[in-house]
$ cat run-v4.json   # JSON, C-alpha atoms
[["chain", "number", "residue", "atom", "x", "y", "z"],
["Y", 1253, "MET", "CA", 88.15, 134.26, 87.18],
["Y", 1254, "GLY", "CA", 91.70, 134.80, 88.32],
["Y", 1255, "VAL", "CA", 92.29, 137.78, 90.58],
["Y", 1256, "LEU", "CA", 95.55, 139.29, 91.79],
["Y", 1257, "SER", "CA", 95.10, 141.98, 94.41],
["Y", 1258, "GLY", "CA", 97.02, 145.19, 94.73],
["Y", 1259, "CYS", "CA", 96.89, 147.63, 97.60],
["Y", 1260, "ALA", "CA", 95.71, 150.93, 96.20],
["Y", 1261, "ASP", "CA", 92.56, 151.90, 94.31],
["Y", 1262, "THR", "CA", 93.25, 154.87, 92.05],
["Y", 1263, "MET", "CA", 89.87, 156.43, 91.27],
["Y", 1264, "GLY", "CA", 88.80, 159.11, 88.86],
["Y", 1265, "LYS", "CA", 88.49, 159.76, 85.16],
["Y", 1266, "GLY", "CA", 91.64, 158.82, 83.27],
["Y", 1267, "LYS", "CA", 92.96, 156.85, 86.21],
["Y", 1268, "ILE", "CA", 93.10, 153.08, 86.43],
["Y", 1269, "GLN", "CA", 90.70, 151.64, 88.93],
["Y", 1270, "LYS", "CA", 91.16, 147.94, 88.14],
["Y", 1271, "VAL", "CA", 92.42, 146.03, 85.11],
["Y", 1272, "GLY", "CA", 90.97, 142.97, 83.39],
["Y", 1273, "MET", "CA", 92.40, 140.63, 80.75],
["Y", 1274, "LEU", "CA", 90.57, 138.16, 78.50],
["Y", 1275, "VAL", "CA", 92.56, 135.28, 76.98],
["Y", 1276, "GLU", "CA", 91.33, 133.05, 74.17],
["Y", 1277, "ASN", "CA", 93.14, 129.97, 75.46],
["Y", 1278, "THR", "CA", 95.44, 129.86, 78.49],
["Y", 1279, "VAL", "CA", 98.10, 131.95, 80.24],
["Y", 1280, "HIS", "CA", 100.24, 128.83, 80.63],
["Y", 1281, "ASP", "CA", 101.15, 128.24, 76.95],
["Y", 1282, "GLN", "CA", 104.79, 129.47, 77.27],
["Y", 1283, "ALA", "CA", 104.06, 131.78, 74.34],
["Y", 1284, "TRP", "CA", 101.40, 134.42, 73.60],
["Y", 1285, "GLY", "CA", 99.12, 133.84, 76.58],
["Y", 1286, "GLN", "CA", 101.97, 133.72, 79.07],
["Y", 1287, "LYS", "CA", 103.40, 136.98, 77.73],
["Y", 1288, "GLY", "CA", 100.08, 138.73, 78.32],
["Y", 1289, "TYR", "CA", 99.86, 137.33, 81.84],
["Y", 1290, "LYS", "CA", 103.39, 138.56, 82.55],
["Y", 1291, "GLY", "CA", 102.33, 142.03, 81.43],
["Y", 1292, "LEU", "CA", 99.30, 141.92, 83.71],
["Y", 1293, "LEU", "CA", 101.51, 141.02, 86.67],
["Y", 1294, "GLN", "CA", 103.82, 143.92, 85.87],
["Y", 1295, "ILE", "CA", 100.86, 146.33, 85.79],
["Y", 1296, "LYS", "CA", 99.81, 145.08, 89.22],
["Y", 1297, "GLU", "CA", 103.31, 145.55, 90.58],
["Y", 1298, "GLU", "CA", 104.18, 148.90, 88.99],
["Y", 1299, "LEU", "CA", 100.79, 150.63, 89.31],
["Y", 1300, "ASP", "CA", 99.60, 148.93, 92.50],
["Y", 1301, "VAL", "CA", 96.10, 148.03, 91.28],
["Y", 1302, "ASP", "CA", 93.89, 144.95, 91.36],
["Y", 1303, "VAL", "CA", 93.99, 142.88, 88.18],
["Y", 1304, "TYR", "CA", 91.73, 140.09, 86.94],
["Y", 1305, "PHE", "CA", 91.99, 137.59, 84.12],
["Y", 1306, "LYS", "CA", 89.70, 135.09, 82.43],
["Y", 1307, "GLU", "CA", 90.91, 132.21, 80.27],
["Y", 1308, "HIS", "CA", 89.23, 130.32, 77.40],
["Y", 1309, "ILE", "CA", 87.12, 133.29, 76.29],
["Y", 1310, "GLN", "CA", 86.44, 132.30, 72.68],
["Y", 1311, "THR", "CA", 82.95, 133.56, 71.78],
["Y", 1312, "LYS", "CA", 81.01, 136.80, 71.64],
["Y", 1313, "LYS", "CA", 78.69, 135.60, 74.39],
["Y", 1314, "ALA", "CA", 81.57, 134.69, 76.70],
["Y", 1315, "THR", "CA", 83.23, 138.05, 76.05],
["Y", 1316, "HIS", "CA", 80.07, 140.01, 76.84],
["Y", 1317, "LYS", "CA", 79.55, 138.07, 80.07],
["Y", 1318, "ALA", "CA", 83.18, 138.53, 81.15],
["Y", 1319, "VAL", "CA", 83.13, 142.29, 80.50],
["Y", 1320, "GLN", "CA", 79.90, 142.61, 82.47],
["Y", 1321, "GLU", "CA", 81.54, 140.86, 85.42],
["Y", 1322, "PHE", "CA", 84.61, 143.06, 85.11],
["Y", 1323, "SER", "CA", 82.41, 146.17, 85.06],
["Y", 1324, "GLN", "CA", 80.63, 145.08, 88.23],
["Y", 1325, "LYS", "CA", 84.00, 144.77, 89.95],
["Y", 1326, "GLY", "CA", 85.02, 148.30, 88.96],
["Y", 1327, "VAL", "CA", 87.38, 147.44, 86.10],
["Y", 1328, "ASN", "CA", 87.88, 150.36, 83.72],
["Y", 1329, "LEU", "CA", 90.73, 149.06, 81.52],
["Y", 1330, "VAL", "CA", 90.20, 145.75, 79.69],
["Y", 1331, "PHE", "CA", 92.76, 143.95, 77.55],
["Y", 1332, "GLY", "CA", 91.47, 141.46, 74.98],
["Y", 1333, "HIS", "CA", 94.52, 139.29, 74.36],
["Y", 1334, "GLY", "CA", 93.94, 138.59, 70.66],
["Y", 1335, "SER", "CA", 92.64, 140.01, 67.40],
["Y", 1336, "HIS", "CA", 89.11, 138.57, 67.57],
["Y", 1337, "PHE", "CA", 88.28, 140.61, 70.68],
["Y", 1338, "GLY", "CA", 88.18, 143.76, 68.54],
["Y", 1339, "GLN", "CA", 84.84, 142.92, 66.93],
["Y", 1340, "TYR", "CA", 83.36, 141.86, 70.27],
["Y", 1341, "PHE", "CA", 84.48, 145.08, 71.96],
["Y", 1342, "ASP", "CA", 83.08, 147.10, 69.06],
["Y", 1343, "GLU", "CA", 79.62, 145.66, 69.73],
["Y", 1344, "ILE", "CA", 79.57, 146.52, 73.43],
["Y", 1345, "GLN", "CA", 81.72, 149.66, 73.77],
["Y", 1346, "LYS", "CA", 78.74, 152.04, 73.92],
["Y", 1347, "ALA", "CA", 77.25, 150.03, 76.80],
["Y", 1348, "TYR", "CA", 80.43, 150.56, 78.83],
["Y", 1349, "PRO", "CA", 81.50, 154.20, 78.31],
["Y", 1350, "ASP", "CA", 83.65, 154.10, 81.48],
["Y", 1351, "ILE", "CA", 85.76, 151.20, 80.20],
["Y", 1352, "HIS", "CA", 88.63, 151.57, 77.75],
["Y", 1353, "PHE", "CA", 89.10, 148.44, 75.64],
["Y", 1354, "VAL", "CA", 92.49, 147.35, 74.28],
["Y", 1355, "TYR", "CA", 93.12, 144.44, 71.94],
["Y", 1356, "PHE", "CA", 95.87, 143.21, 69.62],
["Y", 1357, "ASN", "CA", 96.43, 143.13, 65.87],
["Y", 1358, "GLY", "CA", 93.23, 144.48, 64.36],
["Y", 1359, "ASN", "CA", 91.78, 147.47, 62.52],
["Y", 1360, "ILE", "CA", 88.54, 148.06, 64.41],
["Y", 1361, "LYS", "CA", 88.31, 151.59, 65.78],
["Y", 1362, "GLY", "CA", 86.11, 153.10, 68.45],
["Y", 1363, "GLU", "CA", 85.91, 156.03, 70.82],
["Y", 1364, "ASN", "CA", 87.11, 153.89, 73.70],
["Y", 1365, "ILE", "CA", 88.95, 151.15, 71.77],
["Y", 1366, "THR", "CA", 92.68, 150.92, 71.09],
["Y", 1367, "SER", "CA", 94.28, 148.30, 68.84],
["Y", 1368, "LEU", "CA", 97.94, 147.52, 69.51],
["Y", 1369, "ASN", "CA", 99.51, 146.12, 66.36],
["Y", 1370, "PHE", "CA", 102.83, 144.36, 65.98],
["Y", 1371, "SER", "CA", 104.46, 144.94, 62.60],
["Y", 1372, "ALA", "CA", 105.59, 141.32, 62.37],
["Y", 1373, "HIS", "CA", 106.90, 141.16, 58.80],
["Y", 1374, "ALA", "CA", 110.44, 142.18, 59.73],
["Y", 1375, "MET", "CA", 110.76, 139.79, 62.64],
["Y", 1376, "GLY", "CA", 109.83, 136.96, 60.29],
["Y", 1377, "PHE", "CA", 112.38, 138.17, 57.76],
["Y", 1378, "PHE", "CA", 115.28, 138.13, 60.22],
["Y", 1379, "GLY", "CA", 114.25, 134.75, 61.58],
["Y", 1380, "GLY", "CA", 114.16, 133.51, 57.99],
["Y", 1381, "MET", "CA", 117.68, 134.80, 57.37],
["Y", 1382, "VAL", "CA", 118.93, 132.66, 60.24],
["Y", 1383, "ALA", "CA", 117.03, 129.59, 59.05],
["Y", 1384, "GLY", "CA", 118.12, 129.99, 55.44],
["Y", 1385, "GLY", "CA", 121.74, 130.49, 56.38],
["Y", 1386, "PHE", "CA", 121.82, 127.55, 58.80],
["Y", 1387, "SER", "CA", 119.91, 124.82, 56.93],
["Y", 1388, "LYS", "CA", 122.14, 121.91, 55.89],
["Y", 1389, "THR", "CA", 119.49, 120.17, 53.76],
["Y", 1390, "ASN", "CA", 118.43, 123.36, 51.97],
["Y", 1391, "HIS", "CA", 114.84, 122.77, 53.08],
["Y", 1392, "VAL", "CA", 113.09, 124.96, 55.66],
["Y", 1393, "GLY", "CA", 109.54, 124.51, 56.96],
["Y", 1394, "ILE", "CA", 106.99, 127.03, 58.28],
["Y", 1395, "ILE", "CA", 104.16, 125.62, 60.39],
["Y", 1396, "ALA", "CA", 101.85, 128.61, 60.87],
["Y", 1397, "ALA", "CA", 98.41, 129.13, 62.34],
["Y", 1398, "TYR", "CA", 96.86, 131.29, 59.59],
["Y", 1399, "GLU", "CA", 97.59, 132.62, 56.09],
["Y", 1400, "TRP", "CA", 97.25, 136.25, 57.19],
["Y", 1401, "GLN", "CA", 100.22, 136.19, 59.59],
["Y", 1402, "PRO", "CA", 102.69, 138.78, 58.19],
["Y", 1403, "GLU", "CA", 105.64, 137.00, 59.81],
["Y", 1404, "VAL", "CA", 105.08, 134.05, 57.47],
["Y", 1405, "GLU", "CA", 105.69, 136.03, 54.29],
["Y", 1406, "GLY", "CA", 108.56, 137.83, 56.01],
["Y", 1407, "PHE", "CA", 110.17, 134.53, 56.99],
["Y", 1408, "TYR", "CA", 109.92, 133.20, 53.45],
["Y", 1409, "GLU", "CA", 111.52, 136.37, 52.07],
["Y", 1410, "GLY", "CA", 114.31, 136.21, 54.66],
["Y", 1411, "VAL", "CA", 115.15, 132.61, 53.82],
["Y", 1412, "LYS", "CA", 115.29, 133.38, 50.09],
["Y", 1413, "TYR", "CA", 117.33, 136.53, 50.64],
["Y", 1414, "GLN", "CA", 119.94, 134.66, 52.63],
["Y", 1415, "ASN", "CA", 120.04, 131.59, 50.38],
["Y", 1416, "PRO", "CA", 117.96, 131.46, 47.16],
["Y", 1417, "ASN", "CA", 118.70, 127.73, 46.86],
["Y", 1418, "VAL", "CA", 116.73, 126.82, 49.99],
["Y", 1419, "ASP", "CA", 113.25, 125.40, 49.46],
["Y", 1420, "VAL", "CA", 110.55, 126.70, 51.82],
["Y", 1421, "THR", "CA", 107.48, 124.60, 52.59],
["Y", 1422, "ILE", "CA", 104.57, 126.45, 54.23],
["Y", 1423, "ARG", "CA", 101.61, 124.70, 55.84],
["Y", 1424, "TYR", "CA", 98.77, 126.10, 57.96],
["Y", 1425, "VAL", "CA", 97.17, 124.61, 61.06],
["Y", 1426, "ARG", "CA", 94.24, 127.07, 60.79],
["Y", 1427, "SER", "CA", 94.14, 127.26, 64.56],
["Y", 1428, "TRP", "CA", 96.37, 128.69, 67.26],
["Y", 1429, "ASP", "CA", 96.11, 125.59, 69.43],
["Y", 1430, "ASN", "CA", 95.40, 122.46, 67.35],
["Y", 1431, "LYS", "CA", 98.45, 120.53, 68.53],
["Y", 1432, "MET", "CA", 97.46, 117.30, 66.80],
["Y", 1433, "ARG", "CA", 97.13, 118.96, 63.40],
["Y", 1434, "ALA", "CA", 100.43, 120.80, 63.91],
["Y", 1435, "LYS", "CA", 102.22, 117.54, 64.74],
["Y", 1436, "GLN", "CA", 100.79, 115.86, 61.63],
["Y", 1437, "ILE", "CA", 102.18, 118.68, 59.49],
["Y", 1438, "TYR", "CA", 105.53, 118.44, 61.27],
["Y", 1439, "ASN", "CA", 105.75, 114.69, 60.60],
["Y", 1440, "GLN", "CA", 105.04, 115.29, 56.92],
["Y", 1441, "MET", "CA", 107.76, 117.94, 56.71],
["Y", 1442, "LYS", "CA", 110.17, 115.72, 58.58],
["Y", 1443, "SER", "CA", 109.77, 113.07, 55.87],
["Y", 1444, "GLN", "CA", 110.58, 115.76, 53.28],
["Y", 1445, "ASN", "CA", 114.04, 116.39, 54.74],
["Y", 1446, "VAL", "CA", 113.22, 119.72, 56.43],
["Y", 1447, "ASP", "CA", 115.86, 120.47, 59.06],
["Y", 1448, "VAL", "CA", 114.94, 124.01, 60.30],
["Y", 1449, "TYR", "CA", 111.37, 124.94, 61.30],
["Y", 1450, "TYR", "CA", 109.37, 128.02, 62.22],
["Y", 1451, "PRO", "CA", 106.41, 126.92, 64.40],
["Y", 1452, "ALA", "CA", 104.44, 130.18, 64.23],
["Y", 1453, "GLY", "CA", 101.55, 129.40, 66.53],
["Y", 1454, "ASP", "CA", 100.73, 129.93, 70.19],
["Y", 1455, "SER", "CA", 99.85, 126.67, 71.87],
["Y", 1456, "PHE", "CA", 101.49, 124.30, 69.40],
["Y", 1457, "SER", "CA", 104.93, 125.92, 69.15],
["Y", 1458, "VAL", "CA", 106.23, 124.55, 72.46],
["Y", 1459, "PRO", "CA", 105.28, 120.85, 71.98],
["Y", 1460, "LEU", "CA", 106.64, 120.97, 68.43],
["Y", 1461, "ILE", "CA", 109.94, 122.44, 69.60],
["Y", 1462, "ARG", "CA", 110.27, 119.71, 72.22],
["Y", 1463, "GLN", "CA", 109.68, 117.07, 69.56],
["Y", 1464, "MET", "CA", 112.19, 118.73, 67.24],
["Y", 1465, "ASN", "CA", 114.69, 118.65, 70.07],
["Y", 1466, "GLU", "CA", 114.20, 114.90, 70.43],
["Y", 1467, "ASP", "CA", 114.51, 114.43, 66.67],
["Y", 1468, "GLY", "CA", 117.68, 116.50, 66.39],
["Y", 1469, "PHE", "CA", 116.29, 119.35, 64.28],
["Y", 1470, "HIS", "CA", 116.43, 123.13, 64.73],
["Y", 1471, "ALA", "CA", 113.82, 125.85, 65.03],
["Y", 1472, "ILE", "CA", 113.23, 129.58, 65.27],
["Y", 1473, "GLY", "CA", 111.29, 130.39, 68.45],
["Y", 1474, "TYR", "CA", 107.98, 132.23, 68.27],
["Y", 1475, "VAL", "CA", 106.72, 135.25, 70.32],
["Y", 1476, "SER", "CA", 108.84, 134.38, 73.40],
["Y", 1477, "ASP", "CA", 112.54, 133.61, 73.75],
["Y", 1478, "GLN", "CA", 112.09, 129.85, 73.65],
["Y", 1479, "SER", "CA", 115.77, 128.95, 74.00],
["Y", 1480, "ASP", "CA", 115.11, 127.83, 77.58],
["Y", 1481, "ILE", "CA", 112.75, 125.13, 76.29],
["Y", 1482, "ALA", "CA", 115.36, 123.47, 74.08],
["Y", 1483, "PRO", "CA", 118.73, 125.29, 73.99],
["Y", 1484, "ASN", "CA", 120.21, 122.92, 71.41],
["Y", 1485, "THR", "CA", 117.24, 123.31, 69.08],
["Y", 1486, "ILE", "CA", 116.44, 127.04, 69.10],
["Y", 1487, "LEU", "CA", 118.69, 129.06, 66.80],
["Y", 1488, "THR", "CA", 117.07, 132.37, 67.83],
["Y", 1489, "SER", "CA", 113.53, 133.59, 68.54],
["Y", 1490, "THR", "CA", 111.26, 136.23, 67.06],
["Y", 1491, "ILE", "CA", 110.01, 137.97, 70.20],
["Y", 1492, "GLN", "CA", 106.99, 140.22, 70.58],
["Y", 1493, "HIS", "CA", 107.26, 142.02, 73.92],
["Y", 1494, "VAL", "CA", 103.56, 142.03, 74.71],
["Y", 1495, "ASP", "CA", 104.30, 142.45, 78.39],
["Y", 1496, "ARG", "CA", 106.12, 145.75, 77.76],
["Y", 1497, "LEU", "CA", 103.18, 147.07, 75.74],
["Y", 1498, "TYR", "CA", 100.75, 146.13, 78.51],
["Y", 1499, "VAL", "CA", 102.66, 148.23, 81.03],
["Y", 1500, "GLN", "CA", 103.23, 151.10, 78.61],
["Y", 1501, "THR", "CA", 99.55, 151.17, 77.66],
["Y", 1502, "ALA", "CA", 98.39, 151.06, 81.28],
["Y", 1503, "LYS", "CA", 100.70, 153.92, 82.23],
["Y", 1504, "GLN", "CA", 99.46, 156.02, 79.31],
["Y", 1505, "PHE", "CA", 95.86, 155.36, 80.32],
["Y", 1506, "ASN", "CA", 96.65, 156.28, 83.90],
["Y", 1507, "LYS", "CA", 97.96, 159.65, 82.69],
["Y", 1508, "GLY", "CA", 94.98, 160.20, 80.42],
["Y", 1509, "GLU", "CA", 97.24, 159.92, 77.37],
["Y", 1510, "LEU", "CA", 96.09, 156.64, 75.81],
["Y", 1511, "LYS", "CA", 94.85, 157.24, 72.27],
["Y", 1512, "SER", "CA", 91.95, 155.44, 70.68],
["Y", 1513, "GLY", "CA", 92.49, 153.92, 67.25],
["Y", 1514, "ILE", "CA", 95.30, 151.84, 65.81],
["Y", 1515, "LEU", "CA", 98.84, 151.97, 67.21],
["Y", 1516, "THR", "CA", 101.69, 150.06, 65.51],
["Y", 1517, "PHE", "CA", 104.95, 148.81, 67.06],
["Y", 1518, "ASP", "CA", 108.13, 147.31, 65.60],
["Y", 1519, "PHE", "CA", 111.87, 146.91, 66.20],
["Y", 1520, "GLN", "CA", 112.27, 150.69, 66.42],
["Y", 1521, "ASP", "CA", 110.05, 150.71, 69.54],
["Y", 1522, "ASN", "CA", 111.91, 147.76, 71.12],
["Y", 1523, "ALA", "CA", 108.52, 146.03, 71.11],
["Y", 1524, "ILE", "CA", 109.96, 143.37, 68.79],
["Y", 1525, "THR", "CA", 113.46, 141.87, 69.07],
["Y", 1526, "LEU", "CA", 115.33, 138.71, 68.23],
["Y", 1527, "GLY", "CA", 116.24, 136.38, 71.06],
["Y", 1528, "LYS", "CA", 119.57, 134.90, 72.02],
["Y", 1529, "PHE", "CA", 121.57, 133.41, 69.17],
["Y", 1530, "SER", "CA", 122.64, 129.79, 69.44],
["Y", 1531, "PRO", "CA", 126.42, 129.24, 69.62],
["Y", 1532, "ASN", "CA", 125.88, 126.69, 66.84],
["Y", 1533, "ILE", "CA", 125.21, 129.48, 64.31],
["Y", 1534, "PRO", "CA", 128.31, 130.54, 62.34],
["Y", 1535, "GLU", "CA", 129.54, 133.89, 63.61],
["Y", 1536, "PRO", "CA", 129.46, 135.59, 60.18],
["Y", 1537, "LEU", "CA", 125.74, 134.77, 59.89],
["Y", 1538, "VAL", "CA", 125.02, 136.19, 63.36],
["Y", 1539, "ASP", "CA", 126.94, 139.37, 62.50],
["Y", 1540, "LYS", "CA", 125.08, 139.73, 59.20],
["Y", 1541, "VAL", "CA", 121.67, 139.39, 60.86],
["Y", 1542, "LYS", "CA", 122.53, 141.78, 63.70],
["Y", 1543, "SER", "CA", 123.79, 144.34, 61.19],
["Y", 1544, "ALA", "CA", 120.59, 143.97, 59.14],
["Y", 1545, "VAL", "CA", 118.46, 144.53, 62.25],
["Y", 1546, "GLN", "CA", 120.36, 147.70, 63.15],
["Y", 1547, "GLN", "CA", 120.06, 148.99, 59.60],
["Y", 1548, "TYR", "CA", 116.31, 148.30, 59.64],
["Y", 1549, "LYS", "CA", 115.91, 150.18, 62.92],
["Y", 1550, "LYS", "CA", 117.62, 153.20, 61.37],
["Y", 1551, "THR", "CA", 116.06, 153.19, 57.89],
["Y", 1552, "GLY", "CA", 112.90, 151.09, 58.12],
["Y", 1553, "GLN", "CA", 114.14, 149.10, 55.12],
["Y", 1554, "LEU", "CA", 114.86, 145.38, 55.02],
["Y", 1555, "PRO", "CA", 118.03, 144.24, 53.20],
["Y", 1556, "HIS", "CA", 116.23, 143.20, 50.01],
["Y", 1557, "GLU", "CA", 114.47, 146.57, 49.84],
["Y", 1558, "MET", "CA", 117.66, 148.64, 49.76]]
$ encode --input "run-v4.json" --output "structure tokens"
Amino acid sequence: MGVLSGCADTMGKGKIQKVGMLVENTVHDQAWGQKGYKGLLQIKEELDVDVYFKEHIQTKKATHKAVQEFSQKGVNLVFGHGSHFGQYFDEIQKAYPDIHFVYFNGNIKGENITSLNFSAHAMGFFGGMVAGGFSKTNHVGIIAAYEWQPEVEGFYEGVKYQNPNVDVTIRYVRSWDNKMRAKQIYNQMKSQNVDVYYPAGDSFSVPLIRQMNEDGFHAIGYVSDQSDIAPNTILTSTIQHVDRLYVQTAKQFNKGELKSGILTFDFQDNAITLGKFSPNIPEPLVDKVKSAVQQYKKTGQLPHEM
């Protein structure tokens, strides 16, 4: 268990005592896990409380054991950094009435459970606009983890909106972290003349982007602003500001204002943004995408819906 100590211990109902975070894989993936860890550090700094984290928590048994250990340490706010934690929290919530459970992207409700949901369709759409407008071979590839990811459909729609002549190949790794499978799919797409990619997965996005950089291709970054990994490769990134939601959620809990149930966040909440645009993108395309984002923030409608 990782522990990061603060100085104060704020006691009492509705006040944070200590905070725990469960991660399915690692906090060092330069994507989803790292964003959660960054949020945990910000909670420690801004609210001055002890925080704990556990990595590689992938089963119901491991989750139950970790929550029990958190409870013994006085943790009363637990973040499950992924959708599968919702069902595990649902099974144990009644056993821990003094703990409020928070997890991401699910529809399980409970008296002391909050689901934070990113509305990811639009971020995929705008990333797809960039890819469709930039591709020189008229062939774009999406390497995603799962079929249910809304950003995948959004990306496809964005590509087709920007350039109906671009072919879009979609393949699924069926795992967030199977790097070998992701690379196999990438090699297949590479042989099909794909020149812009969307690696929409946690652990495999970074190694794929590095390989694309070596091969001279381009990509849309996923979850984090990944331009620092390969500046010449990343055209822009679809960013989910998990860290901001961590801090916002913790502050609401500390005030006794955190609601149970399902909460949804999008561009309008500044919880989702696009990253830096590559100077290699034609300026008219950048202007068109930026304008579309602003219009979406005002109206809630994507360009093809207007």
$ residues_near_point --input "run-v4.json" --point "(112.1, 143.0, 59.3)" --cutoff "10 Å" --atoms "all atoms listed in the file" --output "PyMOL selection string"
chain Y and resi 1371-1380+1403+1406-1407+1409-1410+1518-1519+1524-1525+1544-1545+1547-1549+1552-1555
$ closest_residue --input "run-v4.json" --among "Y:Val1446, Y:Ile1533, Y:Ala1396, Y:Ala1283" --to "Ile1422 (chain Y)" --atoms "only C-alpha atoms"
Y:Ala1396
$ closest_atom_pairs --input "run-v4.json" --of "region 1449-1541 of chain Y" --to "region 1344-1360 of chain Y" --cutoff "9 Å" --atoms "only C-alpha atoms" --output "tab-separated table"
residue	atom	partner	partner_atom	distance
Y:Thr1501	CA	Y:Val1354	CA	8.7
Y:Phe1505	CA	Y:His1352	CA	8.6
Y:Ser1512	CA	Y:His1352	CA	8.7
Y:Gly1513	CA	Y:Ile1360	CA	7.6
Y:Ile1514	CA	Y:Asn1359	CA	6.5
Y:Thr1516	CA	Y:Asn1357	CA	8.7
$ residues_around --input "run-v4.json" --residues "region 1320-1325 of chain Y" --least-positions-apart "3" --cutoff "8 Å" --atoms "all atoms listed in the file" --output "PyMOL selection string"
chain Y and resi 1272+1304+1316-1317+1328+1348+1351
$ closest_residue --input "run-v4.json" --among "Y:Asn1445, Y:Val1494, Y:Lys1550, Y:Asn1465" --to "Gly1334 (chain Y)" --atoms "only C-alpha atoms"
Y:Val1494
